[in-house]
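**Student:** Below is one structure. I have some questions about it.
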Amino acid sequence: MTDNSFYQNYDVPEDLRFRTQDIVRNGGLKCSAKLAPKYFDTLFTPPNKITQVHVELEFWPTGKEITVRGRVWGVRQVRCDRCLKEVNQNFEEQFFETYGAQAEIIDIMSLVRQTLALTEDIQFLCSPTCKGLCPQCGKDLNEGPCSCQPEILSPFAALKGKFK
């Protein structure tokens, strides 16, 4: 699927490797594509994974360089680090890069992968207010309180009863 503003009938390569001569010869390129999630299988720590990816690209030659502006968006499936539920999260990132016009191929897939790798959060949460699981019984506290008695975490609890 492509949407070309500078010229028609350009097939976007599935691996996003563009020939520099095509871009220069046509004075630029503007296109978009839906990418297969298989290209991103190893990006996130399992069970987290990308399920949908779209990319929008704009190339324009400027003298001895080709400038690329891109936007990548889609959906990733992640496991909440507090309650362990799997949820879908939308993502959207932009990137901007300059390549030498003497290069034969411009590999945008590696740029998209790098951009997406930087979106992996240290901690995925299903919501900012997720209460997580009870550390004693494992009940999901988002569904309501459990009947466990809270532990008193005092640094002096071990000394109780030692001195009379």
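By order of appearance in the structure tokens: chains A, B, ..., then residues from 1 within every chain, and ligands from 1 in the order shown.
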Tell me, as a ChimeraX atom specification, which residues lie within 12 Å of Thr45 in chain A, counting only C-alpha atoms; anything in the same chain fewer than 2 positions away does not count.

**Tutor:** /A:40-43,47-50,76-79,117,120-124

**Student:** Would you return as a PDB file with N, CA and C atoms, in the first residue's frame the members of chain A that DSSP assigns to strand (DSSP E) on this structure's backbone?

**Tutor:**
ATOM      1  N   ARG A  17      14.369  -1.254   1.994  1.00  0.00           N
ATOM      2  CA  ARG A  17      15.698  -0.918   1.449  1.00  0.00           C
ATOM      3  C   ARG A  17      15.452  -0.202   0.122  1.00  0.00           C
ATOM      4  N   PHE A  18      15.708   1.097   0.090  1.00  0.00           N
ATOM      5  CA  PHE A  18      15.426   1.938  -1.067  1.00  0.00           C
ATOM      6  C   PHE A  18      16.693   2.194  -1.860  1.00  0.00           C
ATOM      7  N   ARG A  19      16.566   2.174  -3.173  1.00  0.00           N
ATOM      8  CA  ARG A  19      17.704   2.491  -4.050  1.00  0.00           C
ATOM      9  C   ARG A  19      17.842   4.005  -4.134  1.00  0.00           C
ATOM     10  N   LEU A  29      10.707  11.188  -2.714  1.00  0.00           N
ATOM     11  CA  LEU A  29       9.716  10.124  -2.610  1.00  0.00           C
ATOM     12  C   LEU A  29       8.913  10.333  -1.341  1.00  0.00           C
ATOM     13  N   LYS A  30       7.631  10.118  -1.445  1.00  0.00           N
ATOM     14  CA  LYS A  30       6.755  10.127  -0.275  1.00  0.00           C
ATOM     15  C   LYS A  30       5.907   8.875  -0.372  1.00  0.00           C
ATOM     16  N   CYS A  31       5.957   8.027   0.674  1.00  0.00           N
ATOM     17  CA  CYS A  31       5.236   6.759   0.623  1.00  0.00           C
ATOM     18  C   CYS A  31       4.855   6.300   2.023  1.00  0.00           C
ATOM     19  N   SER A  32       3.967   5.323   2.052  1.00  0.00           N
ATOM     20  CA  SER A  32       3.583   4.710   3.320  1.00  0.00           C
ATOM     21  C   SER A  32       3.365   3.232   3.087  1.00  0.00           C
ATOM     22  N   ALA A  33       3.496   2.446   4.148  1.00  0.00           N
ATOM     23  CA  ALA A  33       3.336   1.001   4.019  1.00  0.00           C
ATOM     24  C   ALA A  33       2.964   0.394   5.360  1.00  0.00           C
ATOM     25  N   LYS A  34       2.292  -0.738   5.292  1.00  0.00           N
ATOM     26  CA  LYS A  34       2.031  -1.557   6.473  1.00  0.00           C
ATOM     27  C   LYS A  34       3.110  -2.632   6.462  1.00  0.00           C
ATOM     28  N   LEU A  35       3.794  -2.805   7.592  1.00  0.00           N
ATOM     29  CA  LEU A  35       4.904  -3.748   7.678  1.00  0.00           C
ATOM     30  C   LEU A  35       4.489  -5.015   8.404  1.00  0.00           C
ATOM     31  N   LYS A  49       5.355  -7.964  22.468  1.00  0.00           N
ATOM     32  CA  LYS A  49       5.618  -8.054  21.036  1.00  0.00           C
ATOM     33  C   LYS A  49       4.837  -6.992  20.278  1.00  0.00           C
ATOM     34  N   ILE A  50       5.309  -6.697  19.097  1.00  0.00           N
ATOM     35  CA  ILE A  50       4.638  -5.749  18.214  1.00  0.00           C
ATOM     36  C   ILE A  50       3.671  -6.532  17.343  1.00  0.00           C
ATOM     37  N   THR A  51       2.423  -6.044  17.244  1.00  0.00           N
ATOM     38  CA  THR A  51       1.410  -6.754  16.470  1.00  0.00           C
ATOM     39  C   THR A  51       0.994  -6.021  15.199  1.00  0.00           C
ATOM     40  N   GLN A  52       1.163  -4.704  15.149  1.00  0.00           N
ATOM     41  CA  GLN A  52       0.843  -3.923  13.952  1.00  0.00           C
ATOM     42  C   GLN A  52       1.868  -2.804  13.805  1.00  0.00           C
ATOM     43  N   VAL A  53       2.341  -2.600  12.567  1.00  0.00           N
ATOM     44  CA  VAL A  53       3.304  -1.526  12.301  1.00  0.00           C
ATOM     45  C   VAL A  53       2.970  -0.865  10.965  1.00  0.00           C
ATOM     46  N   HIS A  54       2.916   0.447  10.997  1.00  0.00           N
ATOM     47  CA  HIS A  54       2.747   1.250   9.786  1.00  0.00           C
ATOM     48  C   HIS A  54       3.879   2.268   9.753  1.00  0.00           C
ATOM     49  N   VAL A  55       4.314   2.599   8.548  1.00  0.00           N
ATOM     50  CA  VAL A  55       5.376   3.585   8.401  1.00  0.00           C
ATOM     51  C   VAL A  55       4.997   4.555   7.282  1.00  0.00           C
ATOM     52  N   GLU A  56       5.340   5.792   7.520  1.00  0.00           N
ATOM     53  CA  GLU A  56       5.144   6.854   6.534  1.00  0.00           C
ATOM     54  C   GLU A  56       6.506   7.515   6.349  1.00  0.00           C
ATOM     55  N   LEU A  57       6.960   7.619   5.091  1.00  0.00           N
ATOM     56  CA  LEU A  57       8.302   8.109   4.809  1.00  0.00           C
ATOM     57  C   LEU A  57       8.280   9.231   3.791  1.00  0.00           C
ATOM     58  N   GLU A  58       9.231  10.145   3.955  1.00  0.00           N
ATOM     59  CA  GLU A  58       9.433  11.197   2.975  1.00  0.00           C
ATOM     60  C   GLU A  58      10.939  11.365   2.775  1.00  0.00           C
ATOM     61  N   PHE A  59      11.374  11.216   1.531  1.00  0.00           N
ATOM     62  CA  PHE A  59      12.783  11.360   1.153  1.00  0.00           C
ATOM     63  C   PHE A  59      12.901  12.595   0.273  1.00  0.00           C
ATOM     64  N   TRP A  60      13.959  13.369   0.480  1.00  0.00           N
ATOM     65  CA  TRP A  60      14.240  14.448  -0.453  1.00  0.00           C
ATOM     66  C   TRP A  60      15.742  14.653  -0.550  1.00  0.00           C
ATOM     67  N   PRO A  61      16.222  14.706  -1.810  1.00  0.00           N
ATOM     68  CA  PRO A  61      17.657  14.918  -2.028  1.00  0.00           C
ATOM     69  C   PRO A  61      18.013  16.388  -1.852  1.00  0.00           C
ATOM     70  N   THR A  62      19.135  16.619  -1.175  1.00  0.00           N
ATOM     71  CA  THR A  62      19.640  17.988  -0.978  1.00  0.00           C
ATOM     72  C   THR A  62      21.137  17.971  -1.246  1.00  0.00           C
ATOM     73  N   GLU A  65      23.384  14.852  -0.168  1.00  0.00           N
ATOM     74  CA  GLU A  65      22.718  14.088   0.891  1.00  0.00           C
ATOM     75  C   GLU A  65      21.264  13.823   0.529  1.00  0.00           C
ATOM     76  N   ILE A  66      20.723  12.806   1.189  1.00  0.00           N
ATOM     77  CA  ILE A  66      19.296  12.517   1.094  1.00  0.00           C
ATOM     78  C   ILE A  66      18.759  12.545   2.516  1.00  0.00           C
ATOM     79  N   THR A  67      17.777  13.383   2.724  1.00  0.00           N
ATOM     80  CA  THR A  67      17.177  13.514   4.043  1.00  0.00           C
ATOM     81  C   THR A  67      15.908  12.669   4.093  1.00  0.00           C
ATOM     82  N   VAL A  68      15.723  11.983   5.213  1.00  0.00           N
ATOM     83  CA  VAL A  68      14.558  11.123   5.401  1.00  0.00           C
ATOM     84  C   VAL A  68      13.832  11.557   6.667  1.00  0.00           C
ATOM     85  N   ARG A  69      12.536  11.760   6.520  1.00  0.00           N
ATOM     86  CA  ARG A  69      11.684  12.013   7.682  1.00  0.00           C
ATOM     87  C   ARG A  69      10.660  10.895   7.705  1.00  0.00           C
ATOM     88  N   GLY A  70      10.451  10.319   8.872  1.00  0.00           N
ATOM     89  CA  GLY A  70       9.530   9.198   8.959  1.00  0.00           C
ATOM     90  C   GLY A  70       8.704   9.215  10.218  1.00  0.00           C
ATOM     91  N   ARG A  71       7.624   8.486  10.129  1.00  0.00           N
ATOM     92  CA  ARG A  71       6.734   8.295  11.275  1.00  0.00           C
ATOM     93  C   ARG A  71       6.375   6.821  11.293  1.00  0.00           C
ATOM     94  N   VAL A  72       6.485   6.206  12.458  1.00  0.00           N
ATOM     95  CA  VAL A  72       6.124   4.804  12.610  1.00  0.00           C
ATOM     96  C   VAL A  72       5.100   4.715  13.734  1.00  0.00           C
ATOM     97  N   TRP A  73       4.037   3.947  13.504  1.00  0.00           N
ATOM     98  CA  TRP A  73       2.992   3.812  14.507  1.00  0.00           C
ATOM     99  C   TRP A  73       2.394   2.424  14.411  1.00  0.00           C
ATOM    100  N   GLY A  74       1.705   2.033  15.472  1.00  0.00           N
ATOM    101  CA  GLY A  74       1.074   0.720  15.477  1.00  0.00           C
ATOM    102  C   GLY A  74       0.619   0.322  16.860  1.00  0.00           C
ATOM    103  N   VAL A  75       0.588  -1.000  17.076  1.00  0.00           N
ATOM    104  CA  VAL A  75       0.109  -1.572  18.336  1.00  0.00           C
ATOM    105  C   VAL A  75       1.113  -2.616  18.800  1.00  0.00           C
ATOM    106  N   ARG A  76       1.366  -2.617  20.100  1.00  0.00           N
ATOM    107  CA  ARG A  76       2.189  -3.663  20.695  1.00  0.00           C
ATOM    108  C   ARG A  76       1.400  -4.315  21.820  1.00  0.00           C
ATOM    109  N   GLN A  77       1.631  -5.602  21.994  1.00  0.00           N
ATOM    110  CA  GLN A  77       0.999  -6.353  23.079  1.00  0.00           C
ATOM    111  C   GLN A  77       2.035  -6.485  24.184  1.00  0.00           C
ATOM    112  N   VAL A  78       1.668  -6.023  25.376  1.00  0.00           N
ATOM    113  CA  VAL A  78       2.608  -6.042  26.495  1.00  0.00           C
ATOM    114  C   VAL A  78       1.961  -6.650  27.733  1.00  0.00           C
ATOM    115  N   ARG A  79       2.795  -7.176  28.607  1.00  0.00           N
ATOM    116  CA  ARG A  79       2.326  -7.713  29.887  1.00  0.00           C
ATOM    117  C   ARG A  79       2.588  -6.668  30.957  1.00  0.00           C
ATOM    118  N   GLU A  86      -2.145  -9.094  29.987  1.00  0.00           N
ATOM    119  CA  GLU A  86      -1.639  -8.678  28.690  1.00  0.00           C
ATOM    120  C   GLU A  86      -2.606  -7.665  28.091  1.00  0.00           C
ATOM    121  N   VAL A  87      -2.068  -6.531  27.671  1.00  0.00           N
ATOM    122  CA  VAL A  87      -2.880  -5.448  27.112  1.00  0.00           C
ATOM    123  C   VAL A  87      -2.238  -4.940  25.826  1.00  0.00           C
ATOM    124  N   ASN A  88      -3.038  -4.296  25.000  1.00  0.00           N
ATOM    125  CA  ASN A  88      -2.537  -3.670  23.781  1.00  0.00           C
ATOM    126  C   ASN A  88      -2.256  -2.205  24.051  1.00  0.00           C
ATOM    127  N   GLN A  89      -1.123  -1.733  23.557  1.00  0.00           N
ATOM    128  CA  GLN A  89      -0.733  -0.325  23.683  1.00  0.00           C
ATOM    129  C   GLN A  89      -0.467   0.233  22.305  1.00  0.00           C
ATOM    130  N   ASN A  90      -0.970   1.415  22.046  1.00  0.00           N
ATOM    131  CA  ASN A  90      -0.644   2.113  20.807  1.00  0.00           C
ATOM    132  C   ASN A  90       0.700   2.810  20.980  1.00  0.00           C
ATOM    133  N   PHE A  91       1.444   2.944  19.894  1.00  0.00           N
ATOM    134  CA  PHE A  91       2.695   3.691  19.929  1.00  0.00           C
ATOM    135  C   PHE A  91       2.796   4.526  18.659  1.00  0.00           C
ATOM    136  N   GLU A  92       3.563   5.587  18.749  1.00  0.00           N
ATOM    137  CA  GLU A  92       3.854   6.435  17.598  1.00  0.00           C
ATOM    138  C   GLU A  92       5.162   7.160  17.859  1.00  0.00           C
ATOM    139  N   GLU A  93       6.063   7.088  16.896  1.00  0.00           N
ATOM    140  CA  GLU A  93       7.356   7.749  17.001  1.00  0.00           C
ATOM    141  C   GLU A  93       7.705   8.370  15.661  1.00  0.00           C
ATOM    142  N   GLN A  94       8.518   9.409  15.711  1.00  0.00           N
ATOM    143  CA  GLN A  94       9.015  10.038  14.496  1.00  0.00           C
ATOM    144  C   GLN A  94      10.528   9.931  14.470  1.00  0.00           C
ATOM    145  N   PHE A  95      11.088   9.960  13.268  1.00  0.00           N
ATOM    146  CA  PHE A  95      12.539   9.941  13.140  1.00  0.00           C
ATOM    147  C   PHE A  95      12.950  10.822  11.963  1.00  0.00           C
ATOM    148  N   PHE A  96      14.198  11.212  11.993  1.00  0.00           N
ATOM    149  CA  PHE A  96      14.766  12.119  11.000  1.00  0.00           C
ATOM    150  C   PHE A  96      16.213  11.701  10.822  1.00  0.00           C
ATOM    151  N   GLU A  97      16.636  11.476   9.582  1.00  0.00           N
ATOM    152  CA  GLU A  97      17.998  11.002   9.342  1.00  0.00           C
ATOM    153  C   GLU A  97      18.497  11.539   8.006  1.00  0.00           C
ATOM    154  N   THR A  98      19.804  11.671   7.898  1.00  0.00           N
ATOM    155  CA  THR A  98      20.438  12.119   6.657  1.00  0.00           C
ATOM    156  C   THR A  98      21.419  11.050   6.200  1.00  0.00           C
ATOM    157  N   TYR A  99      21.387  10.722   4.911  1.00  0.00           N
ATOM    158  CA  TYR A  99      22.269   9.728   4.310  1.00  0.00           C
ATOM    159  C   TYR A  99      23.053  10.373   3.186  1.00  0.00           C
ATOM    160  N   GLY A 100      24.212   9.843   2.905  1.00  0.00           N
ATOM    161  CA  GLY A 100      25.000  10.318   1.775  1.00  0.00           C
ATOM    162  C   GLY A 100      24.371   9.852   0.471  1.00  0.00           C
ATOM    163  N   ILE A 105      22.223   1.950  -1.405  1.00  0.00           N
ATOM    164  CA  ILE A 105      20.972   1.557  -0.760  1.00  0.00           C
ATOM    165  C   ILE A 105      20.805   2.356   0.532  1.00  0.00           C
ATOM    166  N   ILE A 106      19.582   2.782   0.788  1.00  0.00           N
ATOM    167  CA  ILE A 106      19.241   3.397   2.071  1.00  0.00           C
ATOM    168  C   ILE A 106      18.340   2.406   2.801  1.00  0.00           C
ATOM    169  N   ASP A 107      18.849   1.878   3.909  1.00  0.00           N
ATOM    170  CA  ASP A 107      18.138   0.852   4.676  1.00  0.00           C
ATOM    171  C   ASP A 107      17.310   1.521   5.769  1.00  0.00           C
TER     172      ASP A 107
END

**Student:** Excluding Gly144 in chain A and any residue of its chain fewer than 4 positions from it, enumerate the residues within 12 Å of it, using only C-alpha atoms, and give them as a PyMOL selection string.

**Tutor:** chain A and resi 130-134+139-140

**Student:** Export, as a compact mmCIF listing (two decimals), in the first residue's frame, the selected residues with N, CA and C atoms.

**Tutor:**
# COMPACT_ATOMS: atom_id res chain seq x y z
N CYS A 130 -2.61 1.09 38.16
CA CYS A 130 -2.66 -0.35 38.41
C CYS A 130 -2.18 -0.64 39.84
N LYS A 131 -2.96 -1.44 40.56
CA LYS A 131 -2.64 -1.76 41.96
C LYS A 131 -1.80 -3.03 42.08
N GLY A 132 -1.72 -3.81 41.01
CA GLY A 132 -0.88 -5.00 41.02
C GLY A 132 -1.52 -6.18 41.72
N LEU A 133 -0.68 -7.13 42.14
CA LEU A 133 -1.12 -8.35 42.80
C LEU A 133 -0.78 -8.31 44.29
N CYS A 134 -1.59 -8.95 45.09
CA CYS A 134 -1.29 -9.07 46.52
C CYS A 134 -0.03 -9.92 46.66
N LYS A 139 -3.92 -12.24 44.56
CA LYS A 139 -5.15 -11.72 43.97
C LYS A 139 -4.87 -10.41 43.26
N ASP A 140 -5.55 -10.20 42.12
CA ASP A 140 -5.44 -8.95 41.37
C ASP A 140 -6.18 -7.87 42.17

**Student:** Point out the residue among A:Leu141, A:Leu118, A:Leu16, A:Ala101 with the least atom-to-atom distance to Ala36 in chain A, counting only C-alpha atoms.

**Tutor:**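 For Ala36 in chain A, the nearest of the given residues is A:Leu16.
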
**Student:** If DSSP is run on the backbone, what residues of chain A are helix (DSSP H, G or I)? A reply as a list of chain:residue names would be ideal.

**Tutor:**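 Result set for chain A (helix (DSSP H, G or I)): A:Thr20, A:Gln21, A:Asp22, A:Ile23, A:Val24, A:Arg25, A:Pro37, A:Lys38, A:Tyr39, A:Phe40, A:Ile108, A:Met109, A:Ser110, A:Leu111, A:Val112, A:Arg113, A:Gln114, A:Thr115, A:Leu116, A:Ala117, A:Ala157, A:Ala158, A:Leu159.
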
**Student:** Keeping C-alpha atoms for every residue in the selection just given, could you write it to a file as a tab-separated table (two decimals), in the first residue's frame?

**Tutor:**
chain	number	residue	atom	x	y	z
A	20	THR	CA	19.31	5.91	-3.81
A	21	GLN	CA	19.26	6.39	-7.58
A	22	ASP	CA	15.45	6.06	-7.63
A	23	ILE	CA	15.09	8.79	-5.02
A	24	VAL	CA	17.55	11.18	-6.70
A	25	ARG	CA	16.24	10.55	-10.23
A	37	PRO	CA	5.28	-7.86	12.49
A	38	LYS	CA	7.81	-10.65	11.78
A	39	TYR	CA	10.48	-7.98	11.20
A	40	PHE	CA	10.17	-6.94	14.86
A	108	ILE	CA	15.15	2.35	6.46
A	109	MET	CA	14.19	-0.94	8.20
A	110	SER	CA	17.21	-0.67	10.52
A	111	LEU	CA	16.21	2.92	11.35
A	112	VAL	CA	12.62	1.84	12.08
A	113	ARG	CA	13.87	-1.03	14.28
A	114	GLN	CA	16.17	1.33	16.22
A	115	THR	CA	13.35	3.80	16.69
A	116	LEU	CA	11.00	1.10	17.99
A	117	ALA	CA	13.66	-0.42	20.25
A	157	ALA	CA	10.13	-6.14	64.35
A	158	ALA	CA	12.92	-8.75	64.73
A	159	LEU	CA	13.86	-7.28	68.13

**Student:** How far is it from CA of Lys162 in chain A to CA of Cys148 in chain A, in Å with one decimal?

**Tutor:** 27.1 Å

**Student:** When you count only C-alpha atoms, which of these residues is closest to Gln102 in chain A: A:Gly161, A:Gly138, A:Pro150, A:Gly63?

**Tutor:**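 Among A:Gly161, A:Gly138, A:Pro150, A:Gly63, it is A:Gly63 that comes nearest to Gln102 in chain A.
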